[in-house]
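Notes to accompany the following structure.
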Amino acid sequence: MRLPRPRSLAAQLFAMQVVLVAAIVAGCALFAYMTHAAQAEDTARRQASAVATTVAHSPAVVEAVRSDDPTAALQPYTERLRGDAGVAFVVIMDPAGKRWTHPAPGRIGHTYLGDIGPALKGRTFSETHLGTLGPSVRTVAPVKDGGRVVALVSAGITIETISEQVRRQVAGLIGVALAALALGGAGTYVINARLRRHTHGMNAAELSRMHDYHQATLHAVREGLLMLDGRRRIALVNDGARELLGLPPEAVGRSVADLELPAPLTGALLATEPRVDELHLTADRIVVVNTRPVSSGEQRGTVVTLRDHTELQALSGELDSERGFTQALRSQAHEAANRLHTVVSLIELGRVDEAVEFATAELELAQALTDQVVDAVAEPVLAALLLGKAAQANERGVELVLTEDSRIDDGLLPDTLPPRDLVTVLGNLIDNAVDAAQGGERARVTVTAGTADGELLLRVADTGAGIDPADADEVFRRGWSTKSAGRGLGLALVQQTVRRDGGTVVLTEGHDGGAEFTVRLPLEQEAPA
């Protein structure tokens, strides 16, 4: 048997809010009722006190009390006053309590029902008492003549009259309470309808489970995930994105423009159009960036995914180098075969001396650069790179020259300077120099490799057309290239690698008019401060 699905979070909140609003309205109504009742009774007491005091101080009343028949003068006066003042009764009596006036004429001459002791002592007081007209709120005041109490005045309003006033007020109060309840219910319904739409009708357990899965997934993926709101502020970031972009712990809530990321990467994150598999450089990584706006009728933000491309790019560069070496070796093998056939043919023709001379000359020419590189650069990775690049350059009609002052002893490079970084820096600089020099007269690339003042010096100069000084700061930007579109990553990688290893790279004009790149890398790791 399938258990019923729990009600959605929006429905639960709606029911709870309706009950809460109803309880608040009912409580306010009860409080207002009690307040109105208390205020009505207090108002009646003040009204009765004002009437009683006014009558007690009236000279006409004192004059009537002195007459032989006070009732004849006072009864019409009190009845007229009772109607005008809105009280239930105005009773004037002698000090013994015998009534001279009453709303019911048949009660005149009877004894007043109520306390008159304080009034006989000259003090005005109020009380609630059961009289001939029912329970009433009344005030008794003394009538004085020459300082002597000659009569008493009692004015009051019945409890029934007060209750009737309260009932009329409560009717209006109930109407206001019902209107407030209806308005509160309608507002609650509208708010919860919006909440139901945003929560897709899920209940609290489903939302909690989704949040747990969301958090687990967010931190489990190795790729970087970044979510930006409509104002391009970071709304969400996972551990992978923090590592790839080098974001500080307080990055959430900050604008992308304030994170001091490279300008091209910042531009990609701020772009309104989608970006697909774009390569960008950070301080020490190469990342593949994909962006997609998140919208539902109106743009709400951007989802950004980041993939680390650093290792893959390094392996790709090494593979390209190996492919170039292979092609160079294949070409050299083909050329060696041609020369060998030449030597064999000369021997077959009986021209042995010429065959020996030809073979010796070719051997000396091939060995000269190898001996120079091996003698000057004892570091095996750099030596192999220079020999391979020399062969590649020769195949493209470019002479690669190692300066006479170049020298790097074996074991001099520290462990903090990885061979892969040297291959990236020197290999990309030589490749760019060969591209620039190719096709020109006396095409040549000059390489200097040495150490001085605790630094590794690598300098590559070419005989190409050079670089416009206005572009000196742009050559290291990703995508800048004098060649075809889609290139321009090599020099950007050089700068990134040099900065990661704590060095510098400078572009100047070479002696032959071409470009000259000088790289300096520290050989000793600085101690942390």
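Within each chain, counting starts at residue 1; across the structure tokens, chains are named A, B, ... in the order shown, with ligands numbered 1 upward in that order.
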
Can you list, as an MDAnalysis selection string, every protein, DNA or RNA residue that comes within 10 Å of Thr342 (chain A) when you count only C-alpha atoms, leaving out same-chain residues fewer than 6 positions away? chainID A and resid 336 348 355 358:359

With a distance cut-off of 6 Å and only C-alpha atoms, select the neighbouring residues of Ala155 (chain A), excluding the residue or stretch itself and same-chain residues fewer than 5 positions from it, and output the selection as a list in words. Ala48, Ala52, Phe89, Val90, Arg138 and Thr139 of chain A

Residues within 10 Å of region 249-258 of chain A, please, as a ChimeraX atom specification. Count only C-alpha atoms; anything in the same chain fewer than 2 positions from it doesn't count. /A:226-229,231-237,242,246-247,260-263,265-267,269-270

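Among A:Gly27, A:Asp462, A:Asn432, A:Val343, the residue with the shortest atom-to-atom distance to Ala177 (chain A), counting only C-alpha atoms, is A:Gly27.
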
Please return, as a PyMOL selection string, all residues of region 20-194 of chain A that DSSP assigns to strand (DSSP E or B) on the basis of the backbone. chain A and resi 89-93+98-99+111+125-131+134-145+148-158

Neighbour list for Leu458 (chain A) as a list in words, cut-off 10 Å, only C-alpha atoms, skip fewer than 2 positions in-chain: Ser406, Leu422, Val425, Leu426, Leu429, Val447, Thr448, Ala449, Gly450, Thr451, Glu455, Leu456, Val460, Val505, Phe517, Thr518, Val519, Arg520 and Leu521 of chain A

Export, as a CSV table (one decimal), in the first residue's frame, the selected residues with C-alpha atoms.
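Final output, saved to result-v1.csv:
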chain,number,residue,atom,x,y,z
A,406,SER,CA,76.4,29.8,-22.8
A,422,LEU,CA,62.2,24.8,-18.7
A,425,VAL,CA,59.7,28.4,-21.5
A,426,LEU,CA,62.6,27.7,-23.9
A,429,LEU,CA,60.4,31.0,-27.2
A,447,VAL,CA,70.1,31.2,-28.0
A,448,THR,CA,71.9,32.1,-24.8
A,449,ALA,CA,71.7,29.8,-21.8
A,450,GLY,CA,73.7,30.4,-18.6
A,451,THR,CA,73.8,31.3,-15.0
A,455,GLU,CA,69.8,33.3,-11.7
A,456,LEU,CA,69.2,31.1,-14.7
A,460,VAL,CA,66.3,33.9,-27.5
A,505,VAL,CA,60.5,37.8,-18.9
A,517,PHE,CA,63.2,37.6,-25.1
A,518,THR,CA,65.2,37.5,-21.9
A,519,VAL,CA,64.0,35.2,-19.1
A,520,ARG,CA,65.6,35.2,-15.6
A,521,LEU,CA,64.7,32.5,-13.1
